[in-house]
Amino acid sequence: MVAVEGVPTWRDRKRYLWILSLITPGCAVIPSQLVLRTGQPIFWWLGPILIFVIIPVVDRLVGDDGENVPDDAYKWLSEDRFYRWCTFLFLPLLLAGLIIAGYMWASPELSVLDKIGLATTVGLISGVGINAAHELGHRVEEHERWLAKVALAQSCYGHFFVEHNRGHHMNVATPNDPASARLGERVWEFVPRSVIGGFRSAWQLEKSRLERKGSRAWSVHNNILQAWSMSVVLFGAMLAVFGPTIAPYLVLQAVVAFSMLEVVNYVEHYGLLRQQLPNGRYVRCSPRDSWNSDRLVTNIFMFHLQRHSDHHANPGRRYQTLRTSDVAPQLPAGYATMILLAMIPPLWRRVMDHRVVENYGGDITRTNLLPRRREKLLAAYGVDKQLADAA
């Protein structure tokens, strides 16, 4: 709390709710116990049940948060180490879930379908774990940045450490950013484009950084290679302990994890575009350049990721200090619900396309249009292509 002359003036009512965020990695640990005690194999699929059924329902019932940190509380709240430990503790739980899953994958008692269910659960939880890596990777403290790489080892997505901080945050909501979805782009088209484009961008950024320091790209100082080496060690140890039969499930959980991340990327910036200046540069990123959602439950489970507008406008802020913004475009539901909608492109476009255009005062030419569908989209909104090109 903040005190003025010894009198408390503000208390963080969500302080101890952040402990609930550890339920997510716990869901990779407990499926085996639930199946053992109930005899119901459906619990191997606990991850999808939690993320795509329970959270959306509770999110809807609880509703929005609406509370922002006052200015006089910002400094002490940022420095309170309790909030950091909530992210630190996520990592051992994540690793414990993977180890238990490795043991179960190696067991002949589980059917292939059960093992796929467990791999999907572990992968979805690892995808949420990338969000913990996202929070840690933005910090200036060296130990937190190393922990970000550790958190990315399970998903084999170490290049995210480089691309997100130095690529995505610079190019967000522009055609130059592979992680910013375009109006009219289906999620199934976006994910491979973002995966490939993000890797290319990360490697070039890291290569350029090392060259400026007089070092080679293929060196121990390469952040991407450091992160990938952690994945090699982790997967190598898992295979050595549990045998090569678990390899397909290790791969599956990693693919599910980074796919989860990319679908979230799709939701976060769909169709949004920063305006370009006469010199070719783009205006500075503002809260208007990310989709926002202030649903309390999902924000607790995802370390305020849905206050994404403030995160991009102020990337140095720790998760507990992020604020909701009235000027940011608002999603109609939390991320968990929006991910489900994204999986059904016609439904997604029916819900989101008009919101994108309305965000720009009805002017579709100001949106981040998918180039190969540009002419069709312009026509759908009654815009003459030649006039749009001339403008």
# chains A, B, ... in the order shown; residues from 1 in each chain; ligands from 1
$ residues_around --residues "Leu347 of chain A" --least-positions-apart "6" --cutoff "12 Å" --atoms "only C-alpha atoms" --output "PyMOL selection string"
chain A and resi 186-187+338-341+353
$ closest_residue --among "A:Val220, A:Ala328, A:Val35, A:Leu225" --to "His269 of chain A" --atoms "only C-alpha atoms"
A:Ala328
$ select_by_dssp --residues "segment 113-342 of chain A" --states "alpha helix (DSSP H)" --output "ChimeraX atom specification"
/A:113-137,142-153,160-163,169-171,187-212,223-242,247-269,296-301,308-313,335-342
$ closest_residue --among "A:Ile300, A:Ala133, A:Val351, A:Leu61" --to "Ile23 of chain A" --atoms "only C-alpha atoms"
A:Ile300
$ residues_around --residues "Leu239 of chain A" --least-positions-apart "5" --cutoff "10 Å" --atoms "only C-alpha atoms" --output "count of residues only"
9
$ residues_around --residues "Arg166 of chain A" --least-positions-apart "6" --cutoff "10 Å" --atoms "only C-alpha atoms" --output "list in words"
Phe160, Ser201, Ala202, Leu205 and Glu206 of chain A
$ residues_around --residues "Glu268 of chain A" --least-positions-apart "3" --cutoff "8 Å" --atoms "only C-alpha atoms" --output "list in words"
Ser180, Val264, Asn265, Ser290, Trp291, Asn292 and His308 of chain A
$ residues_around --residues "Leu20 of chain A" --least-positions-apart "6" --cutoff "12 Å" --atoms "only C-alpha atoms" --output "list in words"
Lys14, Gly26, Cys27, Cys86, Thr87, Leu89, Phe90, Leu296, Val297, Thr298, Asn299, Ile300, Phe301, Met302 and Phe303 of chain A
$ closest_residue --among "A:Arg317, A:His312, A:Arg216, A:Arg288" --to "Tyr360 of chain A" --atoms "only C-alpha atoms"
A:Arg288
$ atom_distance --atom1 "atom CA of Arg374 of chain A" --atom2 "atom CA of Phe199 of chain A"
26.3 Å
$ atom_distance --atom1 "atom CA of Lys75 of chain A" --atom2 "atom CA of Asp12 of chain A"
13.1 Å
$ atom_distance --atom1 "atom CA of Tyr319 of chain A" --atom2 "atom CA of Leu272 of chain A"
22.9 Å
$ residues_around --residues "Leu46 of chain A" --least-positions-apart "2" --cutoff "7 Å" --atoms "only C-alpha atoms" --output "PyMOL selection string"
chain A and resi 27+31+43-44+48-50+121
$ write_last_selection --atoms "all heavy atoms" --output "compact mmCIF listing (two decimals), in the first residue's frame"
# COMPACT_ATOMS: atom_id res chain seq x y z
N CYS A 27 -1.41 -27.41 -13.73
CA CYS A 27 -2.26 -28.27 -14.55
C CYS A 27 -1.45 -29.23 -15.43
O CYS A 27 -2.01 -30.17 -16.01
CB CYS A 27 -3.19 -27.43 -15.42
SG CYS A 27 -4.53 -26.68 -14.47
N PRO A 31 -2.64 -33.97 -14.01
CA PRO A 31 -3.53 -34.87 -14.76
C PRO A 31 -3.42 -36.33 -14.35
O PRO A 31 -4.44 -37.03 -14.27
CB PRO A 31 -3.09 -34.66 -16.21
CG PRO A 31 -2.56 -33.28 -16.25
CD PRO A 31 -1.89 -33.10 -14.92
N PHE A 43 -9.10 -36.35 -18.21
CA PHE A 43 -8.23 -35.40 -17.51
C PHE A 43 -6.83 -35.32 -18.11
O PHE A 43 -6.06 -34.43 -17.73
CB PHE A 43 -8.18 -35.74 -16.02
CG PHE A 43 -9.44 -35.40 -15.30
CD1 PHE A 43 -10.25 -36.41 -14.79
CD2 PHE A 43 -9.83 -34.08 -15.14
CE1 PHE A 43 -11.43 -36.08 -14.13
CE2 PHE A 43 -11.01 -33.76 -14.48
CZ PHE A 43 -11.81 -34.76 -13.97
N TRP A 44 -6.48 -36.24 -19.02
CA TRP A 44 -5.24 -36.03 -19.77
C TRP A 44 -5.35 -34.77 -20.62
O TRP A 44 -4.34 -34.19 -21.01
CB TRP A 44 -4.94 -37.23 -20.67
CG TRP A 44 -4.67 -38.51 -19.94
CD1 TRP A 44 -5.35 -39.69 -20.05
CD2 TRP A 44 -3.64 -38.76 -18.97
NE1 TRP A 44 -4.82 -40.65 -19.22
CE2 TRP A 44 -3.76 -40.11 -18.54
CE3 TRP A 44 -2.63 -37.97 -18.42
CZ2 TRP A 44 -2.91 -40.68 -17.61
CZ3 TRP A 44 -1.78 -38.54 -17.48
CH2 TRP A 44 -1.93 -39.88 -17.08
N PRO A 48 -6.58 -28.11 -22.36
CA PRO A 48 -7.65 -27.52 -23.17
C PRO A 48 -8.92 -27.23 -22.37
O PRO A 48 -9.60 -26.23 -22.62
CB PRO A 48 -7.90 -28.60 -24.24
CG PRO A 48 -6.64 -29.37 -24.32
CD PRO A 48 -6.07 -29.36 -22.93
N ILE A 49 -9.24 -28.10 -21.41
CA ILE A 49 -10.45 -27.88 -20.60
C ILE A 49 -10.33 -26.60 -19.79
O ILE A 49 -11.26 -25.78 -19.72
CB ILE A 49 -10.70 -29.09 -19.67
CG1 ILE A 49 -11.05 -30.33 -20.48
CG2 ILE A 49 -11.80 -28.78 -18.66
CD1 ILE A 49 -11.08 -31.61 -19.65
N LEU A 50 -9.16 -26.39 -19.17
CA LEU A 50 -8.95 -25.19 -18.37
C LEU A 50 -8.96 -23.93 -19.23
O LEU A 50 -9.68 -22.97 -18.93
CB LEU A 50 -7.63 -25.28 -17.61
CG LEU A 50 -7.21 -24.01 -16.86
CD1 LEU A 50 -8.09 -23.80 -15.63
CD2 LEU A 50 -5.74 -24.05 -16.48
N THR A 121 -1.90 -30.90 -23.33
CA THR A 121 -1.98 -30.18 -22.05
C THR A 121 -0.65 -29.53 -21.70
O THR A 121 -0.59 -28.33 -21.38
CB THR A 121 -2.41 -31.14 -20.93
OG1 THR A 121 -3.78 -31.49 -21.12
CG2 THR A 121 -2.23 -30.52 -19.55
$ select_by_dssp --residues "segment 254-380 of chain A" --states "strand (DSSP E or B)" --output "list in words"
Gln276, Tyr282, Asn292, Arg295, Gln330 and Leu369 of chain A
$ write_last_selection --atoms "C-alpha atoms" --output "PDB file, in the first residue's frame"
ATOM      1  CA  GLN A 276       3.328   6.220 -41.886  1.00  0.00           C
ATOM      2  CA  TYR A 282       5.965   5.108 -38.610  1.00  0.00           C
ATOM      3  CA  ASN A 292      -6.877  -4.523 -25.194  1.00  0.00           C
ATOM      4  CA  ARG A 295     -11.066  -9.278 -18.212  1.00  0.00           C
ATOM      5  CA  GLN A 330     -11.182  -3.196 -26.990  1.00  0.00           C
ATOM      6  CA  LEU A 369      -4.634  -4.928 -45.050  1.00  0.00           C
TER       7      LEU A 369
END
$ closest_residue --among "A:Val191, A:Val29, A:Ile196, A:Leu94" --to "Leu118 of chain A" --atoms "only C-alpha atoms"
A:Val29
$ closest_residue --among "A:Ile344, A:Leu273, A:Val162, A:Val241" --to "Gly198 of chain A" --atoms "only C-alpha atoms"
A:Val162
$ decode --residues "segment 242-255 of chain A" --atoms "all heavy atoms" --output "compact mmCIF listing (two decimals), in the first residue's frame"
# COMPACT_ATOMS: atom_id res chain seq x y z
N PHE A 242 14.11 -41.14 -20.21
CA PHE A 242 12.85 -41.84 -20.48
C PHE A 242 12.84 -42.61 -21.80
O PHE A 242 11.89 -43.35 -22.06
CB PHE A 242 11.69 -40.84 -20.47
CG PHE A 242 11.52 -40.14 -19.16
CD1 PHE A 242 11.73 -38.77 -19.05
CD2 PHE A 242 11.18 -40.84 -18.02
CE1 PHE A 242 11.57 -38.11 -17.84
CE2 PHE A 242 11.03 -40.20 -16.80
CZ PHE A 242 11.23 -38.82 -16.71
N GLY A 243 13.87 -42.44 -22.61
CA GLY A 243 13.96 -43.21 -23.84
C GLY A 243 13.42 -42.48 -25.06
O GLY A 243 12.66 -41.51 -24.95
N PRO A 244 13.81 -42.96 -26.24
CA PRO A 244 13.44 -42.27 -27.49
C PRO A 244 11.95 -42.35 -27.81
O PRO A 244 11.48 -41.61 -28.68
CB PRO A 244 14.27 -43.00 -28.55
CG PRO A 244 14.55 -44.35 -27.97
CD PRO A 244 14.66 -44.13 -26.50
N THR A 245 11.20 -43.20 -27.15
CA THR A 245 9.77 -43.32 -27.46
C THR A 245 8.99 -42.05 -27.11
O THR A 245 7.88 -41.85 -27.61
CB THR A 245 9.14 -44.50 -26.71
OG1 THR A 245 9.32 -44.33 -25.30
CG2 THR A 245 9.75 -45.82 -27.16
N ILE A 246 9.56 -41.20 -26.27
CA ILE A 246 8.84 -39.98 -25.90
C ILE A 246 9.10 -38.85 -26.88
O ILE A 246 8.47 -37.78 -26.77
CB ILE A 246 9.20 -39.52 -24.47
CG1 ILE A 246 10.61 -38.92 -24.43
CG2 ILE A 246 9.06 -40.65 -23.47
CD1 ILE A 246 10.89 -38.13 -23.15
N ALA A 247 10.00 -39.05 -27.86
CA ALA A 247 10.38 -37.98 -28.78
C ALA A 247 9.19 -37.34 -29.50
O ALA A 247 9.09 -36.11 -29.57
CB ALA A 247 11.40 -38.49 -29.80
N PRO A 248 8.25 -38.13 -30.05
CA PRO A 248 7.12 -37.49 -30.75
C PRO A 248 6.29 -36.58 -29.85
O PRO A 248 5.77 -35.56 -30.30
CB PRO A 248 6.28 -38.68 -31.25
CG PRO A 248 7.21 -39.85 -31.24
CD PRO A 248 8.16 -39.60 -30.12
N TYR A 249 6.19 -36.94 -28.58
CA TYR A 249 5.37 -36.16 -27.65
C TYR A 249 6.10 -34.89 -27.20
O TYR A 249 5.47 -33.86 -26.97
CB TYR A 249 4.96 -37.02 -26.47
CG TYR A 249 4.27 -38.28 -26.93
CD1 TYR A 249 4.92 -39.52 -26.90
CD2 TYR A 249 2.99 -38.23 -27.47
CE1 TYR A 249 4.30 -40.67 -27.36
CE2 TYR A 249 2.36 -39.37 -27.93
CZ TYR A 249 3.02 -40.59 -27.88
OH TYR A 249 2.40 -41.72 -28.37
N LEU A 250 7.43 -34.98 -27.10
CA LEU A 250 8.22 -33.78 -26.84
C LEU A 250 8.05 -32.77 -27.96
O LEU A 250 7.88 -31.57 -27.73
CB LEU A 250 9.70 -34.13 -26.68
CG LEU A 250 10.15 -34.73 -25.35
CD1 LEU A 250 11.61 -35.15 -25.43
CD2 LEU A 250 9.96 -33.72 -24.21
N VAL A 251 8.12 -33.27 -29.20
CA VAL A 251 7.96 -32.39 -30.36
C VAL A 251 6.55 -31.81 -30.39
O VAL A 251 6.36 -30.61 -30.61
CB VAL A 251 8.26 -33.16 -31.67
CG1 VAL A 251 7.91 -32.30 -32.89
CG2 VAL A 251 9.73 -33.58 -31.72
N LEU A 252 5.55 -32.66 -30.15
CA LEU A 252 4.16 -32.20 -30.19
C LEU A 252 3.90 -31.10 -29.17
O LEU A 252 3.28 -30.08 -29.49
CB LEU A 252 3.21 -33.38 -29.95
CG LEU A 252 1.72 -33.03 -29.88
CD1 LEU A 252 1.25 -32.36 -31.17
CD2 LEU A 252 0.89 -34.28 -29.58
N GLN A 253 4.37 -31.28 -27.94
CA GLN A 253 4.10 -30.26 -26.93
C GLN A 253 4.80 -28.95 -27.28
O GLN A 253 4.25 -27.86 -27.01
CB GLN A 253 4.50 -30.75 -25.53
CG GLN A 253 5.98 -30.99 -25.28
CD GLN A 253 6.73 -29.74 -24.89
OE1 GLN A 253 6.18 -28.82 -24.29
NE2 GLN A 253 8.02 -29.69 -25.24
N ALA A 254 5.98 -29.01 -27.91
CA ALA A 254 6.68 -27.79 -28.31
C ALA A 254 5.91 -27.06 -29.42
O ALA A 254 5.77 -25.83 -29.39
CB ALA A 254 8.10 -28.11 -28.78
N VAL A 255 5.40 -27.83 -30.40
CA VAL A 255 4.63 -27.22 -31.50
C VAL A 255 3.35 -26.58 -30.96
O VAL A 255 2.98 -25.47 -31.35
CB VAL A 255 4.31 -28.27 -32.58
CG1 VAL A 255 3.34 -27.70 -33.61
CG2 VAL A 255 5.59 -28.74 -33.27
